[in-house]
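Structure data follow from protein-v1.pdb (PDB, C-alpha atoms, pLDDT in the B column):
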ATOM      1  CA  MET A1369     109.436 120.525 109.489  1.00 87.00           C
ATOM      2  CA  ARG A1370     112.212 118.016 110.048  1.00 90.00           C
ATOM      3  CA  CYS A1371     115.271 118.215 107.783  1.00 92.00           C
ATOM      4  CA  PRO A1372     115.387 115.144 105.501  1.00 93.00           C
ATOM      5  CA  PHE A1373     119.201 115.272 105.495  1.00 94.00           C
ATOM      6  CA  CYS A1374     120.211 115.595 109.154  1.00 94.00           C
ATOM      7  CA  GLY A1375     116.928 115.172 111.056  1.00 92.00           C
ATOM      8  CA  ASN A1376     117.051 118.604 112.679  1.00 92.00           C
ATOM      9  CA  ASP A1377     113.563 119.693 113.833  1.00 92.00           C
ATOM     10  CA  ASP A1378     114.171 123.410 113.340  1.00 92.00           C
ATOM     11  CA  THR A1379     114.094 124.326 109.636  1.00 94.00           C
ATOM     12  CA  GLN A1380     113.297 127.743 108.224  1.00 94.00           C
ATOM     13  CA  VAL A1381     110.970 128.702 105.385  1.00 94.00           C
ATOM     14  CA  LYS A1382     112.845 130.926 102.922  1.00 94.00           C
ATOM     15  CA  ASP A1383     110.177 131.290 100.214  1.00 92.00           C
ATOM     16  CA  SER A1384     106.505 130.344  99.808  1.00 92.00           C
ATOM     17  CA  ARG A1385     104.355 130.552  96.704  1.00 91.00           C
ATOM     18  CA  PRO A1386     101.346 128.781  95.227  1.00 88.00           C
ATOM     19  CA  THR A1387     101.847 126.136  92.557  1.00 79.00           C
ATOM     20  CA  ASP A1388     100.765 127.051  89.018  1.00 74.00           C
ATOM     21  CA  ASP A1389      97.341 125.453  89.406  1.00 70.00           C
ATOM     22  CA  GLY A1390      96.834 126.858  92.903  1.00 74.00           C
ATOM     23  CA  SER A1391      96.289 123.428  94.446  1.00 72.00           C
ATOM     24  CA  ALA A1392      99.281 123.593  96.792  1.00 78.00           C
ATOM     25  CA  ILE A1393     101.792 125.894  98.443  1.00 88.00           C
ATOM     26  CA  ARG A1394     105.429 125.321  97.503  1.00 90.00           C
ATOM     27  CA  ARG A1395     107.857 126.139 100.314  1.00 94.00           C
ATOM     28  CA  ARG A1396     111.629 126.399  99.966  1.00 95.00           C
ATOM     29  CA  ARG A1397     113.234 125.507 103.293  1.00 96.00           C
ATOM     30  CA  PHE A1398     116.685 125.826 104.800  1.00 95.00           C
ATOM     31  CA  CYS A1399     118.228 123.795 107.630  1.00 95.00           C
ATOM     32  CA  PRO A1400     120.521 125.936 109.819  1.00 95.00           C
ATOM     33  CA  ALA A1401     122.137 122.823 111.311  1.00 95.00           C
ATOM     34  CA  CYS A1402     123.496 121.283 108.087  1.00 95.00           C
ATOM     35  CA  GLY A1403     122.918 124.040 105.516  1.00 95.00           C
ATOM     36  CA  ALA A1404     120.717 121.866 103.287  1.00 95.00           C
ATOM     37  CA  ARG A1405     117.903 123.330 101.184  1.00 95.00           C
ATOM     38  CA  PHE A1406     114.778 121.410 100.238  1.00 94.00           C
ATOM     39  CA  THR A1407     111.224 121.938  99.000  1.00 92.00           C
ATOM     40  CA  THR A1408     107.956 120.931 100.634  1.00 91.00           C
ATOM     41  CA  PHE A1409     104.393 121.131  99.327  1.00 84.00           C
ATOM     42  CA  GLU A1410     101.341 121.875 101.435  1.00 84.00           C
ATOM     43  CA  ARG A1411      98.003 120.609 100.050  1.00 75.00           C
ATOM     44  CA  VAL A1412      94.442 120.709 101.298  1.00 70.00           C
ATOM     45  CA  GLN A1413      93.180 117.334 102.441  1.00 64.00           C
ATOM     46  CA  LEU A1414      89.413 117.212 102.854  1.00 62.00           C
ATOM     47  CA  ARG A1415      89.331 113.786 104.482  1.00 70.00           C
ATOM     48  CA  GLU A1416      91.522 110.788 105.160  1.00 83.00           C
ATOM     49  CA  LEU A1417      91.078 108.309 102.307  1.00 90.00           C
ATOM     50  CA  TYR A1418      91.719 104.574 102.346  1.00 93.00           C
ATOM     51  CA  VAL A1419      92.098 102.292  99.341  1.00 94.00           C
ATOM     52  CA  VAL A1420      90.346  98.927  99.548  1.00 94.00           C
ATOM     53  CA  LYS A1421      92.344  96.373  97.559  1.00 91.00           C
ATOM     54  CA  SER A1422      90.690  93.429  95.773  1.00 86.00           C
ATOM     55  CA  SER A1423      91.934  91.214  98.622  1.00 91.00           C
ATOM     56  CA  GLY A1424      89.951  93.339 101.086  1.00 91.00           C
ATOM     57  CA  GLN A1425      93.102  94.845 102.586  1.00 94.00           C
ATOM     58  CA  LYS A1426      92.905  98.588 103.330  1.00 95.00           C
ATOM     59  CA  GLU A1427      95.776 101.038 103.073  1.00 94.00           C
ATOM     60  CA  PRO A1428      95.984 104.831 103.263  1.00 92.00           C
ATOM     61  CA  PHE A1429      95.553 106.567  99.909  1.00 92.00           C
ATOM     62  CA  ASP A1430      98.905 107.734  98.546  1.00 91.00           C
ATOM     63  CA  ARG A1431      98.781 110.587  96.031  1.00 90.00           C
ATOM     64  CA  GLU A1432     102.426 110.000  95.117  1.00 91.00           C
ATOM     65  CA  LYS A1433     101.721 106.359  94.238  1.00 92.00           C
ATOM     66  CA  LEU A1434      98.954 107.488  91.890  1.00 93.00           C
ATOM     67  CA  LEU A1435     101.286 110.064  90.326  1.00 93.00           C
ATOM     68  CA  ARG A1436     104.077 107.484  89.905  1.00 93.00           C
ATOM     69  CA  SER A1437     101.788 105.004  88.161  1.00 90.00           C
ATOM     70  CA  MET A1438     100.638 107.648  85.696  1.00 91.00           C
ATOM     71  CA  ARG A1439     104.201 108.835  85.061  1.00 92.00           C
ATOM     72  CA  ILE A1440     105.305 105.254  84.340  1.00 91.00           C
ATOM     73  CA  SER A1441     102.515 104.894  81.781  1.00 90.00           C
ATOM     74  CA  LEU A1442     103.420 108.254  80.228  1.00 91.00           C
ATOM     75  CA  ARG A1443     107.179 107.663  80.160  1.00 90.00           C
ATOM     76  CA  LYS A1444     108.714 108.924  76.891  1.00 89.00           C
ATOM     77  CA  ARG A1445     105.338 110.250  75.737  1.00 90.00           C
ATOM     78  CA  PRO A1446     104.784 113.888  74.665  1.00 90.00           C
ATOM     79  CA  VAL A1447     102.741 114.870  77.728  1.00 89.00           C
ATOM     80  CA  ASP A1448     103.641 117.824  79.938  1.00 88.00           C
ATOM     81  CA  ALA A1449     104.390 116.985  83.606  1.00 87.00           C
ATOM     82  CA  ASP A1450     102.117 119.851  84.722  1.00 85.00           C
ATOM     83  CA  ARG A1451      99.219 118.253  82.882  1.00 89.00           C
ATOM     84  CA  VAL A1452      99.813 114.977  84.704  1.00 90.00           C
ATOM     85  CA  ASP A1453      99.866 116.862  88.019  1.00 88.00           C
ATOM     86  CA  ARG A1454      96.567 118.565  87.165  1.00 88.00           C
ATOM     87  CA  VAL A1455      94.974 115.215  86.276  1.00 91.00           C
ATOM     88  CA  VAL A1456      96.150 113.673  89.557  1.00 91.00           C
ATOM     89  CA  ASN A1457      94.817 116.702  91.474  1.00 88.00           C
ATOM     90  CA  SER A1458      91.490 116.300  89.689  1.00 89.00           C
ATOM     91  CA  ILE A1459      91.260 112.600  90.577  1.00 92.00           C
ATOM     92  CA  VAL A1460      92.139 113.309  94.221  1.00 90.00           C
ATOM     93  CA  ARG A1461      89.515 116.085  94.410  1.00 87.00           C
ATOM     94  CA  GLN A1462      86.887 113.734  92.947  1.00 90.00           C
ATOM     95  CA  LEU A1463      87.767 111.046  95.482  1.00 91.00           C
ATOM     96  CA  GLU A1464      87.741 113.473  98.420  1.00 86.00           C
ATOM     97  CA  SER A1465      84.461 115.061  97.393  1.00 85.00           C
ATOM     98  CA  SER A1466      82.730 111.702  96.854  1.00 84.00           C
ATOM     99  CA  GLY A1467      81.892 111.572 100.550  1.00 83.00           C
ATOM    100  CA  GLU A1468      83.411 108.106 100.911  1.00 87.00           C
ATOM    101  CA  THR A1469      86.492 107.424 103.029  1.00 90.00           C
ATOM    102  CA  GLU A1470      87.079 103.905 101.680  1.00 93.00           C
ATOM    103  CA  ILE A1471      87.594 103.787  97.923  1.00 93.00           C
ATOM    104  CA  PRO A1472      87.861 100.486  95.990  1.00 94.00           C
ATOM    105  CA  SER A1473      91.143 100.257  94.060  1.00 91.00           C
ATOM    106  CA  THR A1474      89.106  99.338  90.976  1.00 89.00           C
ATOM    107  CA  GLN A1475      87.350 102.715  91.101  1.00 92.00           C
ATOM    108  CA  ILE A1476      90.688 104.532  91.190  1.00 92.00           C
ATOM    109  CA  GLY A1477      92.014 102.374  88.349  1.00 90.00           C
ATOM    110  CA  GLU A1478      88.981 103.170  86.184  1.00 89.00           C
ATOM    111  CA  MET A1479      89.341 106.884  86.902  1.00 93.00           C
ATOM    112  CA  VAL A1480      92.992 106.783  85.827  1.00 92.00           C
ATOM    113  CA  MET A1481      92.141 104.820  82.690  1.00 89.00           C
ATOM    114  CA  ASN A1482      89.414 107.317  81.742  1.00 89.00           C
ATOM    115  CA  GLN A1483      91.854 110.204  82.141  1.00 92.00           C
ATOM    116  CA  LEU A1484      94.668 108.479  80.226  1.00 90.00           C
ATOM    117  CA  ALA A1485      92.301 107.622  77.358  1.00 86.00           C
ATOM    118  CA  GLY A1486      91.839 111.345  76.793  1.00 89.00           C
ATOM    119  CA  ILE A1487      95.521 112.215  77.150  1.00 90.00           C
ATOM    120  CA  ASP A1488      97.501 109.568  75.284  1.00 88.00           C
ATOM    121  CA  LYS A1489      96.357 106.248  73.781  1.00 86.00           C
ATOM    122  CA  VAL A1490      99.770 104.590  74.217  1.00 87.00           C
ATOM    123  CA  ALA A1491      99.849 105.467  77.918  1.00 89.00           C
ATOM    124  CA  TYR A1492      96.260 104.262  78.185  1.00 85.00           C
ATOM    125  CA  ILE A1493      97.225 100.859  76.744  1.00 83.00           C
ATOM    126  CA  ARG A1494     100.328 100.664  78.949  1.00 84.00           C
ATOM    127  CA  TYR A1495      98.293 101.351  82.077  1.00 85.00           C
ATOM    128  CA  ALA A1496      95.573  98.919  81.012  1.00 81.00           C
ATOM    129  CA  SER A1497      98.148  96.177  80.432  1.00 78.00           C
ATOM    130  CA  VAL A1498      99.127  96.319  84.099  1.00 79.00           C
ATOM    131  CA  TYR A1499      95.715  97.214  85.530  1.00 70.00           C
ATOM    132  CA  ARG A1500      93.879  94.519  83.568  1.00 68.00           C
ATOM    133  CA  ASP A1501      96.789  92.080  83.964  1.00 70.00           C
ATOM    134  CA  PHE A1502      97.468  91.258  80.304  1.00 70.00           C
ATOM    135  CA  ARG A1503      99.317  87.959  80.146  1.00 69.00           C
ATOM    136  CA  GLU A1504      99.934  87.471  76.426  1.00 69.00           C
ATOM    137  CA  ALA A1505      99.878  89.312  73.095  1.00 69.00           C
ATOM    138  CA  ALA A1506      96.297  88.218  72.426  1.00 71.00           C
ATOM    139  CA  ASP A1507      95.185  90.262  75.454  1.00 69.00           C
ATOM    140  CA  PHE A1508      96.751  93.380  73.901  1.00 66.00           C
ATOM    141  CA  ASN A1509      95.151  92.683  70.528  1.00 70.00           C
ATOM    142  CA  GLU A1510      91.730  92.236  72.068  1.00 73.00           C
ATOM    143  CA  PHE A1511      92.038  95.478  74.026  1.00 72.00           C
ATOM    144  CA  VAL A1512      93.309  97.473  71.031  1.00 72.00           C
ATOM    145  CA  GLU A1513      90.508  96.113  68.835  1.00 73.00           C
ATOM    146  CA  LYS A1514      88.000  97.552  71.313  1.00 73.00           C
ATOM    147  CA  LEU A1515      89.662 100.962  70.864  1.00 71.00           C
ATOM    148  CA  ARG A1516      89.418 100.984  67.068  1.00 68.00           C
ATOM    149  CA  PRO A1517      85.688 101.838  66.776  1.00 60.00           C
ATOM    150  CA  GLU A1518      86.249 104.863  69.063  1.00 55.00           C
ATOM    151  CA  GLU A1519      89.021 106.128  66.784  1.00 51.00           C
ATOM    152  CA  ASN A1520      86.800 105.926  63.686  1.00 49.00           C
ATOM    153  CA  ASP A1521      83.980 108.031  65.196  1.00 48.00           C
TER     154      ASP A1521
END

Let's see the structure in the file written out as structure tokens.
Amino acid sequence: MRCPFCGNDDTQVKDSRPTDDGSAIRRRRFCPACGARFTTFERVQLRELYVVKSSGQKEPFDREKLLRSMRISLRKRPVDADRVDRVVNSIVRQLESSGETEIPSTQIGEMVMNQLAGIDKVAYIRYASVYRDFREAADFNEFVEKLRPEEND
């Protein structure tokens, strides 16, 4: 593993352990050249996934991008970071086990929205506002009105 600080190719693993949910191995590394310490994560990847954008453009699936988008929606909300990680792991496992290598971005967006709806309604609305491209307050009102019957059940 290359050192992210000095670029040295020869780093040493000082400690390895599974993450809490067992989905990855966390490795603490040390660079003998510059003395830096850093952490890497090793995850199972069943297949190479590509996201097909609405424009038709394809790009490699990026787990970190998915995680960032959920964290932005959940910013300043009372949701544990480990829970977000577990949700992202679940979405990635579903995508990898679907058998498809090219996943429409709309499918990923719907999966995220379904998960956020069960975690936090505010985060759900935040994500929807970007995903569904709300342009004015009326768009928010319309979306929130659709949520109301679910809350009364």

### atom CA of Ile1476 of chain A to atom CA of Arg1394 of chain A, distance in Å rounded to a single decimal
26.3 Å

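The neighbours of Glu1468 of chain A here are the residues that come within 12 Å of it, using all atoms listed in the file and leaving out any residue fewer than 6 positions away in the same chain; they are Leu1414, Arg1415, Glu1416, Leu1417, Tyr1418, Val1419, Val1420, Arg1461, Gln1462 and Gln1475 of chain A.
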
### Target residues per the PyMOL selection byres ((chain A and resi 1456) around 9), formatted as a ChimeraX atom specification
/A:1431,1434-1435,1438,1451-1455,1457-1461,1480

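Ranking A:Leu1463, A:Glu1410, A:Thr1469, A:Gly1403 by their shortest atom-to-atom distance to Lys1426 of chain A, with only C-alpha atoms included, puts A:Thr1469 first.
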
### Task
In Å, rounded to a single decimal, give me how far atom CA of Arg1370 of chain A is from atom CA of Ala1401 of chain A.
11.1 Å

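Each of A:Ile1440, A:Cys1374, A:Leu1515, A:Val1412 was compared to Ala1392 of chain A using all atoms listed in the file, and A:Val1412 turns out to be the nearest.
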
Generate all heavy atoms for segment 1449-1460 of chain A and emit them as a PDB file, in the frame of the given file.
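Listed below is the output, result_1.pdb:
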ATOM      1  N   ALA A1449     104.466 117.423  82.202  1.00 87.00           N
ATOM      2  CA  ALA A1449     104.390 116.985  83.606  1.00 87.00           C
ATOM      3  C   ALA A1449     103.329 117.767  84.379  1.00 87.00           C
ATOM      4  O   ALA A1449     102.668 117.221  85.269  1.00 87.00           O
ATOM      5  CB  ALA A1449     105.748 117.122  84.276  1.00 87.00           C
ATOM      6  N   ASP A1450     103.136 119.050  84.040  1.00 85.00           N
ATOM      7  CA  ASP A1450     102.117 119.851  84.722  1.00 85.00           C
ATOM      8  C   ASP A1450     100.717 119.313  84.433  1.00 85.00           C
ATOM      9  O   ASP A1450      99.847 119.343  85.291  1.00 85.00           O
ATOM     10  CB  ASP A1450     102.194 121.315  84.290  1.00 85.00           C
ATOM     11  CG  ASP A1450     103.392 122.032  84.890  1.00 85.00           C
ATOM     12  OD1 ASP A1450     103.940 121.536  85.894  1.00 85.00           O
ATOM     13  OD2 ASP A1450     103.777 123.085  84.343  1.00 85.00           O
ATOM     14  N   ARG A1451     100.524 118.822  83.231  1.00 89.00           N
ATOM     15  CA  ARG A1451      99.219 118.253  82.882  1.00 89.00           C
ATOM     16  C   ARG A1451      98.939 117.008  83.708  1.00 89.00           C
ATOM     17  O   ARG A1451      97.827 116.798  84.183  1.00 89.00           O
ATOM     18  CB  ARG A1451      99.156 117.931  81.392  1.00 89.00           C
ATOM     19  CG  ARG A1451      97.795 117.440  80.973  1.00 89.00           C
ATOM     20  CD  ARG A1451      97.616 117.394  79.494  1.00 89.00           C
ATOM     21  NE  ARG A1451      96.240 117.009  79.168  1.00 89.00           N
ATOM     22  CZ  ARG A1451      95.866 116.575  77.999  1.00 89.00           C
ATOM     23  NH1 ARG A1451      96.740 116.490  77.012  1.00 89.00           N
ATOM     24  NH2 ARG A1451      94.620 116.235  77.790  1.00 89.00           N
ATOM     25  N   VAL A1452      99.960 116.186  83.888  1.00 90.00           N
ATOM     26  CA  VAL A1452      99.813 114.977  84.704  1.00 90.00           C
ATOM     27  C   VAL A1452      99.464 115.362  86.137  1.00 90.00           C
ATOM     28  O   VAL A1452      98.575 114.780  86.753  1.00 90.00           O
ATOM     29  CB  VAL A1452     101.087 114.107  84.658  1.00 90.00           C
ATOM     30  CG1 VAL A1452     100.941 112.878  85.547  1.00 90.00           C
ATOM     31  CG2 VAL A1452     101.411 113.698  83.232  1.00 90.00           C
ATOM     32  N   ASP A1453     100.150 116.371  86.665  1.00 88.00           N
ATOM     33  CA  ASP A1453      99.866 116.862  88.019  1.00 88.00           C
ATOM     34  C   ASP A1453      98.419 117.343  88.139  1.00 88.00           C
ATOM     35  O   ASP A1453      97.749 117.059  89.132  1.00 88.00           O
ATOM     36  CB  ASP A1453     100.817 118.004  88.368  1.00 88.00           C
ATOM     37  CG  ASP A1453     101.704 117.687  89.542  1.00 88.00           C
ATOM     38  OD1 ASP A1453     101.665 116.548  90.040  1.00 88.00           O
ATOM     39  OD2 ASP A1453     102.441 118.599  89.971  1.00 88.00           O
ATOM     40  N   ARG A1454      97.948 118.072  87.138  1.00 88.00           N
ATOM     41  CA  ARG A1454      96.567 118.565  87.165  1.00 88.00           C
ATOM     42  C   ARG A1454      95.568 117.414  87.137  1.00 88.00           C
ATOM     43  O   ARG A1454      94.553 117.443  87.839  1.00 88.00           O
ATOM     44  CB  ARG A1454      96.317 119.528  86.002  1.00 88.00           C
ATOM     45  CG  ARG A1454      96.971 120.885  86.188  1.00 88.00           C
ATOM     46  CD  ARG A1454      96.482 121.903  85.170  1.00 88.00           C
ATOM     47  NE  ARG A1454      96.645 121.484  83.788  1.00 88.00           N
ATOM     48  CZ  ARG A1454      97.742 121.678  83.054  1.00 88.00           C
ATOM     49  NH1 ARG A1454      98.782 122.288  83.582  1.00 88.00           N
ATOM     50  NH2 ARG A1454      97.780 121.273  81.799  1.00 88.00           N
ATOM     51  N   VAL A1455      95.861 116.384  86.347  1.00 91.00           N
ATOM     52  CA  VAL A1455      94.974 115.215  86.276  1.00 91.00           C
ATOM     53  C   VAL A1455      94.934 114.504  87.626  1.00 91.00           C
ATOM     54  O   VAL A1455      93.860 114.141  88.115  1.00 91.00           O
ATOM     55  CB  VAL A1455      95.414 114.253  85.144  1.00 91.00           C
ATOM     56  CG1 VAL A1455      94.707 112.914  85.252  1.00 91.00           C
ATOM     57  CG2 VAL A1455      95.163 114.881  83.789  1.00 91.00           C
ATOM     58  N   VAL A1456      96.094 114.319  88.242  1.00 91.00           N
ATOM     59  CA  VAL A1456      96.150 113.673  89.557  1.00 91.00           C
ATOM     60  C   VAL A1456      95.379 114.504  90.579  1.00 91.00           C
ATOM     61  O   VAL A1456      94.593 113.963  91.369  1.00 91.00           O
ATOM     62  CB  VAL A1456      97.606 113.428  90.000  1.00 91.00           C
ATOM     63  CG1 VAL A1456      97.667 113.015  91.460  1.00 91.00           C
ATOM     64  CG2 VAL A1456      98.257 112.375  89.122  1.00 91.00           C
ATOM     65  N   ASN A1457      95.564 115.829  90.558  1.00 88.00           N
ATOM     66  CA  ASN A1457      94.817 116.702  91.474  1.00 88.00           C
ATOM     67  C   ASN A1457      93.319 116.560  91.259  1.00 88.00           C
ATOM     68  O   ASN A1457      92.547 116.513  92.217  1.00 88.00           O
ATOM     69  CB  ASN A1457      95.229 118.161  91.291  1.00 88.00           C
ATOM     70  CG  ASN A1457      96.614 118.447  91.821  1.00 88.00           C
ATOM     71  OD1 ASN A1457      97.145 117.699  92.640  1.00 88.00           O
ATOM     72  ND2 ASN A1457      97.219 119.510  91.342  1.00 88.00           N
ATOM     73  N   SER A1458      92.906 116.456  90.004  1.00 89.00           N
ATOM     74  CA  SER A1458      91.490 116.300  89.689  1.00 89.00           C
ATOM     75  C   SER A1458      90.944 114.982  90.242  1.00 89.00           C
ATOM     76  O   SER A1458      89.856 114.951  90.837  1.00 89.00           O
ATOM     77  CB  SER A1458      91.301 116.362  88.171  1.00 89.00           C
ATOM     78  OG  SER A1458      90.003 115.989  87.823  1.00 89.00           O
ATOM     79  N   ILE A1459      91.697 113.910  90.064  1.00 92.00           N
ATOM     80  CA  ILE A1459      91.260 112.600  90.577  1.00 92.00           C
ATOM     81  C   ILE A1459      91.159 112.639  92.100  1.00 92.00           C
ATOM     82  O   ILE A1459      90.179 112.174  92.678  1.00 92.00           O
ATOM     83  CB  ILE A1459      92.211 111.480  90.109  1.00 92.00           C
ATOM     84  CG1 ILE A1459      92.057 111.248  88.600  1.00 92.00           C
ATOM     85  CG2 ILE A1459      91.946 110.180  90.867  1.00 92.00           C
ATOM     86  CD1 ILE A1459      93.098 110.311  88.001  1.00 92.00           C
ATOM     87  N   VAL A1460      92.153 113.228  92.757  1.00 90.00           N
ATOM     88  CA  VAL A1460      92.139 113.309  94.221  1.00 90.00           C
ATOM     89  C   VAL A1460      90.947 114.131  94.693  1.00 90.00           C
ATOM     90  O   VAL A1460      90.254 113.747  95.636  1.00 90.00           O
ATOM     91  CB  VAL A1460      93.472 113.880  94.755  1.00 90.00           C
ATOM     92  CG1 VAL A1460      93.388 114.170  96.247  1.00 90.00           C
ATOM     93  CG2 VAL A1460      94.618 112.927  94.458  1.00 90.00           C
TER      94      VAL A1460
END
